Amino acid sequence: MKALKIIPGFINDFLSCLSRQRKLYLGSFMVGLLSALAAALMKNAVHFTAGFVAEHLNPGRGILFYLVIPPAGLILTYLFVKFVVKDDISHGVSRILQSFSRGKSYLKAHNIWTPIVASSITIGFGGSVGAEAPIVLSGSAIGSNIGRKLGLSYRYITLLAGCGAAGAIAGIFKAPVAGIIFAIEVLMLDMTLSSIVPLLISTVTASTVAWLLMGNSVLLSCTLKDTFLLKDLPWYLVLGIFTGL
C-alpha cells in the first residue's frame, strides 16, 4: 500500500522536472496511444454489436428486419444520450471547434467514451452514419484532458486536442498522413514545426498501435497496374484543379 501511495508523488515529481515542450511531446505520445486504443475499441464494438444483432435479433432474415432494426438502434442511442450521458454529443467536429474558440479547448471527460458507445449502437444496428466524427471527438477529448492534467497552457491543450483527433483518424484508418492533414485542414491547426512534430508523434504512435492491435488489413485496397509517366503530369494537375473547385 505504501508503494502505491508513492507512485503519484513520483509521477508529479517527474512531470515537474520536465519543460513545457517535453510535456507536450510526452502528452502527444500518450494521446496517440490512447486514441489508437479508442479506435480499436470502437471498431470491435461496432462489429460485436452488428454480429449480435444479426445472430440473435434476426433469426428469419426477413425484410422486416431491415426496416425495424435501424430505427430501434436510433431509439436506444437516444435513450442512452438522454438518460445516461445527459449532454449533447452530436456534431463531433463542430463541438471540437467550438471548444477551441469558446471553451479554452476544454472537452468533458465523458466525451472520451460516450461517442464510442453511442456510435457502436447506431452503426451496429444498421444506422447510416459514419464512425469518423465520434472517434475524432473521443480522440480530441483524450488530448484535451491529458493536456489539462499536465498543466499545459491553452495553446498546448488545443494542440493536444488536435493530436487526439489526428491520432484517432490515423488509428481508425492506419494512415498517419491522413490524420495530420485532417488536423491541419479541418481543425485549422498551425502548419508550423511546433505543431507538426507533436502531430507526427501522435499519428505515428496511433498507426503503429493500430497495426499491432488490428493487423495489417486495409479498408480500401488497390493495385497500380500502370506505371507513372511524366507526360501524364499535366492531367494530374488538371484533375487536382477541378477537384478543388
# chains A, B, ... in the order shown; residues from 1 in each chain; ligands from 1
>>> residues_around(residues="Thr205 (chain A)", least_positions_apart="3", cutoff="7 Å", atoms="only C-alpha atoms", output="list in words")
Phe29, Gly32, Leu33, Ile201, Ser202, Thr208 and Val209 of chain A
>>> select_by_dssp(residues="region 102-242 of chain A", states="helix (DSSP H, G or I)", output="PDB file with C-alpha atoms, in the first residue's frame")
ATOM      1  CA  ALA A 109     -14.083  13.603 -19.834  1.00  0.00           C
ATOM      2  CA  HIS A 110     -17.203  11.639 -20.742  1.00  0.00           C
ATOM      3  CA  ASN A 111     -16.605  12.592 -24.384  1.00  0.00           C
ATOM      4  CA  ILE A 112     -13.818  10.013 -24.341  1.00  0.00           C
ATOM      5  CA  THR A 114     -19.759   8.202 -24.746  1.00  0.00           C
ATOM      6  CA  PRO A 115     -19.308   8.734 -28.539  1.00  0.00           C
ATOM      7  CA  ILE A 116     -17.877   5.217 -28.780  1.00  0.00           C
ATOM      8  CA  VAL A 117     -20.889   3.660 -27.067  1.00  0.00           C
ATOM      9  CA  ALA A 118     -23.454   5.746 -28.950  1.00  0.00           C
ATOM     10  CA  SER A 119     -21.924   5.169 -32.384  1.00  0.00           C
ATOM     11  CA  SER A 120     -21.461   1.445 -31.697  1.00  0.00           C
ATOM     12  CA  ILE A 121     -25.190   1.118 -31.045  1.00  0.00           C
ATOM     13  CA  THR A 122     -26.241   3.249 -34.010  1.00  0.00           C
ATOM     14  CA  ILE A 123     -23.865   1.711 -36.561  1.00  0.00           C
ATOM     15  CA  GLY A 124     -24.172  -1.813 -35.151  1.00  0.00           C
ATOM     16  CA  GLU A 132     -15.256   9.296 -38.089  1.00  0.00           C
ATOM     17  CA  ALA A 133     -16.881  12.149 -36.146  1.00  0.00           C
ATOM     18  CA  PRO A 134     -17.418  10.104 -32.939  1.00  0.00           C
ATOM     19  CA  ILE A 135     -13.858   8.765 -32.856  1.00  0.00           C
ATOM     20  CA  VAL A 136     -12.474  12.235 -33.616  1.00  0.00           C
ATOM     21  CA  LEU A 137     -14.457  13.655 -30.686  1.00  0.00           C
ATOM     22  CA  SER A 138     -13.179  10.844 -28.465  1.00  0.00           C
ATOM     23  CA  GLY A 139      -9.573  11.436 -29.518  1.00  0.00           C
ATOM     24  CA  SER A 140      -9.830  15.189 -29.012  1.00  0.00           C
ATOM     25  CA  ALA A 141     -11.336  14.660 -25.561  1.00  0.00           C
ATOM     26  CA  ILE A 142      -8.384  12.418 -24.704  1.00  0.00           C
ATOM     27  CA  GLY A 143      -5.959  15.130 -25.794  1.00  0.00           C
ATOM     28  CA  SER A 144      -7.844  17.900 -24.004  1.00  0.00           C
ATOM     29  CA  ASN A 145      -7.969  16.059 -20.689  1.00  0.00           C
ATOM     30  CA  ILE A 146      -4.346  14.906 -20.844  1.00  0.00           C
ATOM     31  CA  GLY A 147      -3.258  18.470 -21.592  1.00  0.00           C
ATOM     32  CA  ARG A 148      -5.165  19.745 -18.574  1.00  0.00           C
ATOM     33  CA  LYS A 149      -3.732  17.006 -16.348  1.00  0.00           C
ATOM     34  CA  TYR A 154      -4.446  26.833 -23.680  1.00  0.00           C
ATOM     35  CA  ARG A 155      -2.279  26.719 -26.821  1.00  0.00           C
ATOM     36  CA  TYR A 156      -0.748  23.362 -25.927  1.00  0.00           C
ATOM     37  CA  ILE A 157      -4.077  21.892 -24.794  1.00  0.00           C
ATOM     38  CA  THR A 158      -5.525  22.898 -28.164  1.00  0.00           C
ATOM     39  CA  LEU A 159      -2.601  21.259 -29.910  1.00  0.00           C
ATOM     40  CA  LEU A 160      -3.011  18.043 -27.896  1.00  0.00           C
ATOM     41  CA  ALA A 161      -6.728  18.006 -28.702  1.00  0.00           C
ATOM     42  CA  GLY A 162      -5.741  18.252 -32.359  1.00  0.00           C
ATOM     43  CA  CYS A 163      -3.212  15.463 -31.818  1.00  0.00           C
ATOM     44  CA  GLY A 164      -6.029  13.348 -30.405  1.00  0.00           C
ATOM     45  CA  ALA A 165      -8.197  13.934 -33.468  1.00  0.00           C
ATOM     46  CA  ALA A 166      -5.268  13.208 -35.784  1.00  0.00           C
ATOM     47  CA  GLY A 167      -4.350  10.101 -33.794  1.00  0.00           C
ATOM     48  CA  ALA A 168      -7.943   8.859 -33.949  1.00  0.00           C
ATOM     49  CA  ILE A 169      -8.053   9.227 -37.738  1.00  0.00           C
ATOM     50  CA  ALA A 170      -4.626   7.615 -38.043  1.00  0.00           C
ATOM     51  CA  GLY A 171      -5.717   4.756 -35.785  1.00  0.00           C
ATOM     52  CA  ILE A 172      -9.064   4.036 -37.429  1.00  0.00           C
ATOM     53  CA  PHE A 173      -7.635   4.147 -40.981  1.00  0.00           C
ATOM     54  CA  PRO A 176      -0.781   8.828 -40.209  1.00  0.00           C
ATOM     55  CA  VAL A 177      -0.592  11.342 -43.057  1.00  0.00           C
ATOM     56  CA  ALA A 178      -4.400  11.454 -43.282  1.00  0.00           C
ATOM     57  CA  GLY A 179      -4.544  12.235 -39.565  1.00  0.00           C
ATOM     58  CA  ILE A 180      -2.120  15.143 -39.902  1.00  0.00           C
ATOM     59  CA  ILE A 181      -3.946  16.573 -42.917  1.00  0.00           C
ATOM     60  CA  PHE A 182      -7.263  16.291 -41.065  1.00  0.00           C
ATOM     61  CA  ALA A 183      -5.924  18.195 -38.069  1.00  0.00           C
ATOM     62  CA  ILE A 184      -4.433  20.952 -40.209  1.00  0.00           C
ATOM     63  CA  GLU A 185      -7.262  21.343 -42.729  1.00  0.00           C
ATOM     64  CA  LEU A 193       7.245  22.932 -36.842  1.00  0.00           C
ATOM     65  CA  SER A 194       5.997  23.297 -33.272  1.00  0.00           C
ATOM     66  CA  SER A 195       2.663  21.798 -34.365  1.00  0.00           C
ATOM     67  CA  ILE A 196       3.883  19.236 -36.898  1.00  0.00           C
ATOM     68  CA  VAL A 197       6.245  17.417 -34.511  1.00  0.00           C
ATOM     69  CA  PRO A 198       3.566  16.577 -31.882  1.00  0.00           C
ATOM     70  CA  LEU A 199       1.163  15.616 -34.680  1.00  0.00           C
ATOM     71  CA  LEU A 200       3.782  13.278 -36.130  1.00  0.00           C
ATOM     72  CA  ILE A 201       4.427  11.690 -32.738  1.00  0.00           C
ATOM     73  CA  SER A 202       0.709  11.177 -32.137  1.00  0.00           C
ATOM     74  CA  THR A 203      -0.211   9.831 -35.576  1.00  0.00           C
ATOM     75  CA  VAL A 204       2.784   7.509 -35.945  1.00  0.00           C
ATOM     76  CA  THR A 205       2.158   6.122 -32.456  1.00  0.00           C
ATOM     77  CA  ALA A 206      -1.546   5.648 -33.195  1.00  0.00           C
ATOM     78  CA  SER A 207      -0.898   3.953 -36.543  1.00  0.00           C
ATOM     79  CA  THR A 208       1.687   1.611 -35.034  1.00  0.00           C
ATOM     80  CA  VAL A 209      -0.595   0.609 -32.163  1.00  0.00           C
ATOM     81  CA  ALA A 210      -3.499   0.132 -34.604  1.00  0.00           C
ATOM     82  CA  TRP A 211      -1.392  -2.168 -36.773  1.00  0.00           C
ATOM     83  CA  LEU A 212      -0.407  -4.180 -33.704  1.00  0.00           C
ATOM     84  CA  LEU A 213      -3.983  -4.477 -32.440  1.00  0.00           C
ATOM     85  CA  MET A 214      -5.947  -4.831 -35.682  1.00  0.00           C
ATOM     86  CA  LEU A 230       5.861  12.094 -66.731  1.00  0.00           C
ATOM     87  CA  LYS A 231       3.785  13.040 -69.783  1.00  0.00           C
ATOM     88  CA  ASP A 232       0.615  12.414 -67.729  1.00  0.00           C
ATOM     89  CA  LEU A 233       1.566  15.031 -65.140  1.00  0.00           C
ATOM     90  CA  PRO A 234      -0.496  17.866 -66.732  1.00  0.00           C
ATOM     91  CA  TRP A 235      -3.607  15.709 -66.494  1.00  0.00           C
ATOM     92  CA  TYR A 236      -2.996  15.175 -62.787  1.00  0.00           C
ATOM     93  CA  LEU A 237      -2.706  18.940 -62.368  1.00  0.00           C
ATOM     94  CA  VAL A 238      -5.976  19.483 -64.231  1.00  0.00           C
ATOM     95  CA  LEU A 239      -7.654  16.805 -62.105  1.00  0.00           C
ATOM     96  CA  GLY A 240      -6.432  18.493 -58.920  1.00  0.00           C
ATOM     97  CA  ILE A 241      -7.694  21.908 -60.044  1.00  0.00           C
ATOM     98  CA  PHE A 242     -11.179  20.684 -60.970  1.00  0.00           C
TER      99      PHE A 242
END
